[in-house]
Amino acid sequence: MKPRDLLTLLVIGTVVVIGGFALADAIRGKPRAERPSLTVGAETTARPTPTIPVQTTPTRVPGPRPQAQAPPGWPEGELDGTLTLADAQTCDVRQIGLAGGRERPLAKYVGCQMWAPPVGPRLAYGLGPSSADGLQPFRIADLANPRLELGGYRALFGVIVWSPDGQHIGWCGRRRTGFDLEVGGPATQLPRCPAGYTRDNEVAYAVGNKVLVGDRAVFTANGGVTYAKFGLDGSLAVVVDGKRIERWDGSSLTSTTELTPSFQGITPIFSNDNCAALFPLSQVVQLRDLGCPHGVTNRSFAGDTAAWSPDREWVVTSNGVETEFHHVVGAHREITWPVGAVALAWRPD
């Protein structure tokens with residue numbers, strides 16, 4: 001984003017903090033009065049039964065014309081995987097093969113918000129602003145097969161979580177009713193809002209000071225759990241009372257990291273092993289080490305959005321004008337892609 005005046009920054013800051021705690025309410029299933037409105041989509045689902053998608057029409061026309069060549073000086077073979085981004089100017093979803101630095105053709109998907117699983121070609125993308133009752137419309141797509149009709153739904157406060165294998169997606173609907181959807185199949189109604197999925201693709205919940213898998217408590221914190229994320233290595237990162245991060249390796253607590261007031265209320269972007277976190281603040285992304293051996297150095301980057309490489313050795317950020325890749329393990333290295341983004345997802349090919 002381009003710099004704006006002080007009033008805009010203050011408004012954005014306020015929205016971020018409010019949004020962070022609204023997200024925590026959704027994850028924890030905290031009761032809250034809601035305005036009544038017409039039930040649309042999967043909120044009418046019985047358990048189990050096929051979902052009823054929001055009536056939206058996917059676009060099948062080609063997306064933005066890919067750049068024919070990699071940017072000048074692109075270091076071929078230095079980066080791995082695929083970067084999917086939402087263009088900062090148009091919100092078109094675009095995709096870059098990072099090894100060769102070449103953009104790949106896609107069908108046209110337009111969404112300034114994206115939620116992506118760690119692997120695979122699937123993606124959930126926003127369909128505009130939330131309704132007055134806090135429900136965010138979104139559509140599921142398979143970028144490798146744009147003819148697939150995977151449906152559109154609505155998630156409370158835009159809280160959407162994916163299973164590690166990209167086969168299931170979960171969200172919270174009206175009245176804090178949770179849903180677990182097998183992509184392309186039926187949705188199952190859950191007893192509460194899902195907080196995430198385990199490495200084994202089980203639904204997890206945050207209830208009070210506990211993280212539950214089914215009815216089994218797998219972690220108990222000394223305070224309220226406001227956010228939780230399972231790592232691909234079996235670790236678990238938990239935000240407690242919005243003020244600190246506790247990392248668990250599956251058998252013991254490995255670290256506790258206190259958060260300064262500027263980080264509180266911001267949803268962290270954890271690496272795949274939960275050993276580090278990114279905090280997008282106003283025009284700055286802060287990186288914080290979470291105490292693992294061979295950790296990273298705390299530092300900051302210009303930008304409003306960020307993502308980790310699958311191997312945790314790189315961070316990608318964007319300031320809305322260009323997208324930058326930062327090597328954060330070992331020697332510092334910077335690589336620039338000349339397109340700005342408002343959302344980013346870095347996945348293996």
# chains A, B, ... in the order shown; residues from 1 in each chain; ligands from 1
>>> residues_around(residues="segment 322-330 of chain A", least_positions_apart="3", cutoff="9 Å", atoms="only C-alpha atoms", output="PyMOL selection string")
chain A and resi 294-297+301+303+312-319+333-341
>>> write_last_selection(atoms="N, CA, C and O atoms", output="PDB file, in the first residue's frame")
ATOM      1  N   HIS A 294      18.952 -23.196  16.465  1.00  0.00           N
ATOM      2  CA  HIS A 294      19.193 -22.725  15.098  1.00  0.00           C
ATOM      3  C   HIS A 294      18.053 -21.800  14.655  1.00  0.00           C
ATOM      4  O   HIS A 294      17.527 -21.915  13.543  1.00  0.00           O
ATOM      5  N   GLY A 295      17.672 -20.906  15.540  1.00  0.00           N
ATOM      6  CA  GLY A 295      16.585 -19.985  15.246  1.00  0.00           C
ATOM      7  C   GLY A 295      17.017 -18.875  14.313  1.00  0.00           C
ATOM      8  O   GLY A 295      18.147 -18.827  13.809  1.00  0.00           O
ATOM      9  N   VAL A 296      16.093 -17.954  14.076  1.00  0.00           N
ATOM     10  CA  VAL A 296      16.355 -16.817  13.207  1.00  0.00           C
ATOM     11  C   VAL A 296      16.580 -15.574  14.056  1.00  0.00           C
ATOM     12  O   VAL A 296      16.302 -15.559  15.256  1.00  0.00           O
ATOM     13  N   THR A 297      17.072 -14.539  13.425  1.00  0.00           N
ATOM     14  CA  THR A 297      17.326 -13.280  14.121  1.00  0.00           C
ATOM     15  C   THR A 297      16.101 -12.381  14.026  1.00  0.00           C
ATOM     16  O   THR A 297      15.501 -12.240  12.952  1.00  0.00           O
ATOM     17  N   PHE A 301      10.798  -5.906   8.250  1.00  0.00           N
ATOM     18  CA  PHE A 301      10.783  -5.692   6.809  1.00  0.00           C
ATOM     19  C   PHE A 301       9.694  -4.677   6.482  1.00  0.00           C
ATOM     20  O   PHE A 301       8.659  -4.622   7.168  1.00  0.00           O
ATOM     21  N   GLY A 303       6.508  -3.614   4.609  1.00  0.00           N
ATOM     22  CA  GLY A 303       5.427  -4.381   3.998  1.00  0.00           C
ATOM     23  C   GLY A 303       4.191  -4.430   4.859  1.00  0.00           C
ATOM     24  O   GLY A 303       4.202  -4.055   6.039  1.00  0.00           O
ATOM     25  N   ARG A 312      11.249 -22.538   5.872  1.00  0.00           N
ATOM     26  CA  ARG A 312      11.501 -21.521   6.898  1.00  0.00           C
ATOM     27  C   ARG A 312      12.800 -20.748   6.664  1.00  0.00           C
ATOM     28  O   ARG A 312      13.227 -19.980   7.525  1.00  0.00           O
ATOM     29  N   GLU A 313      13.424 -20.901   5.519  1.00  0.00           N
ATOM     30  CA  GLU A 313      14.671 -20.174   5.278  1.00  0.00           C
ATOM     31  C   GLU A 313      14.438 -18.802   4.640  1.00  0.00           C
ATOM     32  O   GLU A 313      15.329 -17.965   4.643  1.00  0.00           O
ATOM     33  N   TRP A 314      13.244 -18.587   4.114  1.00  0.00           N
ATOM     34  CA  TRP A 314      12.927 -17.325   3.450  1.00  0.00           C
ATOM     35  C   TRP A 314      11.610 -16.765   3.991  1.00  0.00           C
ATOM     36  O   TRP A 314      10.734 -17.499   4.428  1.00  0.00           O
ATOM     37  N   VAL A 315      11.500 -15.453   3.921  1.00  0.00           N
ATOM     38  CA  VAL A 315      10.254 -14.735   4.190  1.00  0.00           C
ATOM     39  C   VAL A 315       9.950 -13.901   2.963  1.00  0.00           C
ATOM     40  O   VAL A 315      10.847 -13.281   2.383  1.00  0.00           O
ATOM     41  N   VAL A 316       8.691 -13.890   2.544  1.00  0.00           N
ATOM     42  CA  VAL A 316       8.288 -13.028   1.435  1.00  0.00           C
ATOM     43  C   VAL A 316       7.337 -11.973   1.983  1.00  0.00           C
ATOM     44  O   VAL A 316       6.445 -12.277   2.787  1.00  0.00           O
ATOM     45  N   THR A 317       7.550 -10.727   1.603  1.00  0.00           N
ATOM     46  CA  THR A 317       6.705  -9.617   2.047  1.00  0.00           C
ATOM     47  C   THR A 317       6.334  -8.763   0.846  1.00  0.00           C
ATOM     48  O   THR A 317       6.957  -8.841  -0.214  1.00  0.00           O
ATOM     49  N   SER A 318       5.320  -7.925   1.016  1.00  0.00           N
ATOM     50  CA  SER A 318       4.978  -6.967  -0.031  1.00  0.00           C
ATOM     51  C   SER A 318       4.516  -5.669   0.593  1.00  0.00           C
ATOM     52  O   SER A 318       3.785  -5.661   1.592  1.00  0.00           O
ATOM     53  N   ASN A 319       4.951  -4.577  -0.023  1.00  0.00           N
ATOM     54  CA  ASN A 319       4.533  -3.242   0.405  1.00  0.00           C
ATOM     55  C   ASN A 319       3.438  -2.674  -0.488  1.00  0.00           C
ATOM     56  O   ASN A 319       3.126  -1.495  -0.427  1.00  0.00           O
ATOM     57  N   ARG A 333      19.954 -12.154   2.030  1.00  0.00           N
ATOM     58  CA  ARG A 333      19.834 -12.079   0.581  1.00  0.00           C
ATOM     59  C   ARG A 333      18.466 -11.511   0.271  1.00  0.00           C
ATOM     60  O   ARG A 333      17.481 -11.862   0.909  1.00  0.00           O
ATOM     61  N   GLU A 334      18.363 -10.592  -0.691  1.00  0.00           N
ATOM     62  CA  GLU A 334      17.093  -9.967  -1.057  1.00  0.00           C
ATOM     63  C   GLU A 334      16.852 -10.165  -2.558  1.00  0.00           C
ATOM     64  O   GLU A 334      17.750  -9.961  -3.372  1.00  0.00           O
ATOM     65  N   ILE A 335      15.634 -10.578  -2.906  1.00  0.00           N
ATOM     66  CA  ILE A 335      15.234 -10.754  -4.299  1.00  0.00           C
ATOM     67  C   ILE A 335      13.895 -10.055  -4.474  1.00  0.00           C
ATOM     68  O   ILE A 335      13.016 -10.154  -3.601  1.00  0.00           O
ATOM     69  N   THR A 336      13.702  -9.349  -5.592  1.00  0.00           N
ATOM     70  CA  THR A 336      12.492  -8.549  -5.787  1.00  0.00           C
ATOM     71  C   THR A 336      11.702  -9.033  -6.999  1.00  0.00           C
ATOM     72  O   THR A 336      12.276  -9.315  -8.057  1.00  0.00           O
ATOM     73  N   TRP A 337      10.403  -9.127  -6.811  1.00  0.00           N
ATOM     74  CA  TRP A 337       9.465  -9.380  -7.912  1.00  0.00           C
ATOM     75  C   TRP A 337       8.662  -8.091  -8.116  1.00  0.00           C
ATOM     76  O   TRP A 337       8.117  -7.543  -7.161  1.00  0.00           O
ATOM     77  N   PRO A 338       8.554  -7.592  -9.366  1.00  0.00           N
ATOM     78  CA  PRO A 338       8.001  -6.246  -9.583  1.00  0.00           C
ATOM     79  C   PRO A 338       6.480  -6.150  -9.620  1.00  0.00           C
ATOM     80  O   PRO A 338       5.917  -5.448 -10.450  1.00  0.00           O
ATOM     81  N   VAL A 339       5.791  -6.856  -8.725  1.00  0.00           N
ATOM     82  CA  VAL A 339       4.333  -6.756  -8.604  1.00  0.00           C
ATOM     83  C   VAL A 339       3.999  -6.714  -7.126  1.00  0.00           C
ATOM     84  O   VAL A 339       4.519  -7.527  -6.349  1.00  0.00           O
ATOM     85  N   GLY A 340       3.131  -5.794  -6.711  1.00  0.00           N
ATOM     86  CA  GLY A 340       2.711  -5.717  -5.320  1.00  0.00           C
ATOM     87  C   GLY A 340       1.591  -6.699  -5.018  1.00  0.00           C
ATOM     88  O   GLY A 340       0.830  -7.098  -5.907  1.00  0.00           O
ATOM     89  N   ALA A 341       1.475  -7.082  -3.752  1.00  0.00           N
ATOM     90  CA  ALA A 341       0.471  -8.067  -3.345  1.00  0.00           C
ATOM     91  C   ALA A 341      -0.204  -7.621  -2.059  1.00  0.00           C
ATOM     92  O   ALA A 341       0.400  -6.945  -1.222  1.00  0.00           O
TER      93      ALA A 341
END
>>> select_by_dssp(residues="segment 70-285 of chain A", states="strand (DSSP E or B)", output="ChimeraX atom specification")
/A:82-87,92-97,102-104,107,110,114-115,122-126,135-142,152-156,160-162,168-172,178-182,187-190,196-197,203-207,210-213,216-220,225-230,236-240,244-248,253-258,269-270,276-280,284-285
>>> residues_around(residues="segment 146-163 of chain A", least_positions_apart="2", cutoff="6 Å", atoms="only C-alpha atoms", output="MDAnalysis selection string")
chainID A and resid 41 53:54 117 134:140 142:143 165:166 168:173 184 196:197 201
>>> write_last_selection(atoms="N, CA and C atoms", output="PDB file, in the first residue's frame")
ATOM      1  N   GLY A  41     -26.216 -20.486   2.949  1.00  0.00           N
ATOM      2  CA  GLY A  41     -25.038 -21.321   2.815  1.00  0.00           C
ATOM      3  C   GLY A  41     -25.030 -22.448   3.815  1.00  0.00           C
ATOM      4  N   PRO A  53     -24.147 -24.234  -1.057  1.00  0.00           N
ATOM      5  CA  PRO A  53     -23.219 -23.122  -1.286  1.00  0.00           C
ATOM      6  C   PRO A  53     -23.918 -21.799  -1.478  1.00  0.00           C
ATOM      7  N   VAL A  54     -23.208 -20.719  -1.163  1.00  0.00           N
ATOM      8  CA  VAL A  54     -23.672 -19.385  -1.487  1.00  0.00           C
ATOM      9  C   VAL A  54     -23.784 -19.267  -3.001  1.00  0.00           C
ATOM     10  N   PRO A 117      -3.975 -23.865   1.936  1.00  0.00           N
ATOM     11  CA  PRO A 117      -3.354 -24.952   2.698  1.00  0.00           C
ATOM     12  C   PRO A 117      -1.855 -24.987   2.436  1.00  0.00           C
ATOM     13  N   GLY A 134     -20.951 -10.012  10.440  1.00  0.00           N
ATOM     14  CA  GLY A 134     -19.585 -10.501  10.546  1.00  0.00           C
ATOM     15  C   GLY A 134     -19.262 -11.704   9.696  1.00  0.00           C
ATOM     16  N   LEU A 135     -20.145 -12.096   8.789  1.00  0.00           N
ATOM     17  CA  LEU A 135     -19.896 -13.269   7.957  1.00  0.00           C
ATOM     18  C   LEU A 135     -19.192 -12.860   6.666  1.00  0.00           C
ATOM     19  N   GLN A 136     -18.034 -13.462   6.408  1.00  0.00           N
ATOM     20  CA  GLN A 136     -17.202 -13.167   5.245  1.00  0.00           C
ATOM     21  C   GLN A 136     -17.480 -14.192   4.144  1.00  0.00           C
ATOM     22  N   PRO A 137     -17.997 -13.762   2.990  1.00  0.00           N
ATOM     23  CA  PRO A 137     -18.204 -14.718   1.899  1.00  0.00           C
ATOM     24  C   PRO A 137     -16.883 -15.122   1.265  1.00  0.00           C
ATOM     25  N   PHE A 138     -16.768 -16.398   0.903  1.00  0.00           N
ATOM     26  CA  PHE A 138     -15.561 -16.879   0.246  1.00  0.00           C
ATOM     27  C   PHE A 138     -15.911 -18.022  -0.700  1.00  0.00           C
ATOM     28  N   ARG A 139     -15.023 -18.275  -1.635  1.00  0.00           N
ATOM     29  CA  ARG A 139     -15.194 -19.369  -2.587  1.00  0.00           C
ATOM     30  C   ARG A 139     -13.950 -20.235  -2.556  1.00  0.00           C
ATOM     31  N   ILE A 140     -14.135 -21.524  -2.777  1.00  0.00           N
ATOM     32  CA  ILE A 140     -13.035 -22.469  -2.850  1.00  0.00           C
ATOM     33  C   ILE A 140     -12.726 -22.744  -4.315  1.00  0.00           C
ATOM     34  N   ASP A 142      -9.773 -24.715  -7.170  1.00  0.00           N
ATOM     35  CA  ASP A 142      -8.615 -25.542  -7.472  1.00  0.00           C
ATOM     36  C   ASP A 142      -7.918 -24.860  -8.636  1.00  0.00           C
ATOM     37  N   LEU A 143      -6.780 -24.207  -8.364  1.00  0.00           N
ATOM     38  CA  LEU A 143      -6.126 -23.407  -9.396  1.00  0.00           C
ATOM     39  C   LEU A 143      -5.648 -24.256 -10.560  1.00  0.00           C
ATOM     40  N   ASP A 165      -3.064 -31.457   4.454  1.00  0.00           N
ATOM     41  CA  ASP A 165      -3.049 -32.059   3.118  1.00  0.00           C
ATOM     42  C   ASP A 165      -3.948 -31.331   2.122  1.00  0.00           C
ATOM     43  N   GLY A 166      -4.632 -30.269   2.557  1.00  0.00           N
ATOM     44  CA  GLY A 166      -5.485 -29.507   1.653  1.00  0.00           C
ATOM     45  C   GLY A 166      -6.775 -30.207   1.260  1.00  0.00           C
ATOM     46  N   HIS A 168      -9.335 -30.858   3.539  1.00  0.00           N
ATOM     47  CA  HIS A 168     -10.436 -30.381   4.376  1.00  0.00           C
ATOM     48  C   HIS A 168     -10.244 -28.897   4.665  1.00  0.00           C
ATOM     49  N   ILE A 169     -11.364 -28.200   4.800  1.00  0.00           N
ATOM     50  CA  ILE A 169     -11.351 -26.794   5.169  1.00  0.00           C
ATOM     51  C   ILE A 169     -12.397 -26.594   6.253  1.00  0.00           C
ATOM     52  N   GLY A 170     -12.070 -25.782   7.244  1.00  0.00           N
ATOM     53  CA  GLY A 170     -12.983 -25.559   8.360  1.00  0.00           C
ATOM     54  C   GLY A 170     -13.218 -24.087   8.595  1.00  0.00           C
ATOM     55  N   TRP A 171     -14.396 -23.767   9.118  1.00  0.00           N
ATOM     56  CA  TRP A 171     -14.724 -22.380   9.424  1.00  0.00           C
ATOM     57  C   TRP A 171     -15.858 -22.346  10.445  1.00  0.00           C
ATOM     58  N   CYS A 172     -16.155 -21.169  10.911  1.00  0.00           N
ATOM     59  CA  CYS A 172     -17.214 -20.961  11.891  1.00  0.00           C
ATOM     60  C   CYS A 172     -18.347 -20.206  11.223  1.00  0.00           C
ATOM     61  N   GLY A 173     -19.559 -20.659  11.436  1.00  0.00           N
ATOM     62  CA  GLY A 173     -20.715 -20.000  10.843  1.00  0.00           C
ATOM     63  C   GLY A 173     -21.509 -19.222  11.871  1.00  0.00           C
ATOM     64  N   GLY A 184     -15.109 -30.787  -2.169  1.00  0.00           N
ATOM     65  CA  GLY A 184     -15.806 -31.536  -3.196  1.00  0.00           C
ATOM     66  C   GLY A 184     -16.840 -32.495  -2.648  1.00  0.00           C
ATOM     67  N   GLY A 196      -8.217 -25.203  14.133  1.00  0.00           N
ATOM     68  CA  GLY A 196      -7.235 -25.652  13.163  1.00  0.00           C
ATOM     69  C   GLY A 196      -7.320 -27.154  12.994  1.00  0.00           C
ATOM     70  N   TYR A 197      -6.302 -27.700  12.320  1.00  0.00           N
ATOM     71  CA  TYR A 197      -6.193 -29.141  12.111  1.00  0.00           C
ATOM     72  C   TYR A 197      -4.827 -29.606  12.599  1.00  0.00           C
ATOM     73  N   ASN A 201      -4.591 -34.322  10.406  1.00  0.00           N
ATOM     74  CA  ASN A 201      -5.824 -33.824   9.792  1.00  0.00           C
ATOM     75  C   ASN A 201      -7.050 -33.984  10.678  1.00  0.00           C
TER      76      ASN A 201
END
>>> closest_residue(among="A:Ala144, A:Gly111, A:Leu290, A:Gln167", to="Ala187 of chain A", atoms="only C-alpha atoms")
A:Gln167
>>> residues_around(residues="Thr90 of chain A", least_positions_apart="5", cutoff="12 Å", atoms="only C-alpha atoms", output="list of chain:residue names")
A:Gly63, A:Pro64, A:Leu85, A:Lys108, A:Tyr109, A:Val110, A:Gly111, A:Cys112, A:Gln113, A:Gly320, A:Val339, A:Gly340, A:Ala341, A:Val342, A:Ala343
>>> residues_around(residues="segment 217-222 of chain A", least_positions_apart="6", cutoff="10 Å", atoms="only C-alpha atoms", output="list in words")
Ala204, Tyr205, Ala206, Val207, Gly208, Asn209, Lys210, Val211, Leu236, Val238, Val239, Val240, Asp241, Glu246, Trp248, Gly250, Ser251, Ser252 and Leu253 of chain A
>>> closest_residue(among="A:Ala195, A:Val225, A:Ala124, A:Leu278", to="Val213 of chain A", atoms="only C-alpha atoms")
A:Ala195
>>> atom_distance(atom1="atom CA of Ala70 of chain A", atom2="atom CA of Gln95 of chain A")
12.6 Å
>>> atom_distance(atom1="atom CA of Arg244 of chain A", atom2="atom CA of Pro261 of chain A")
10.3 Å
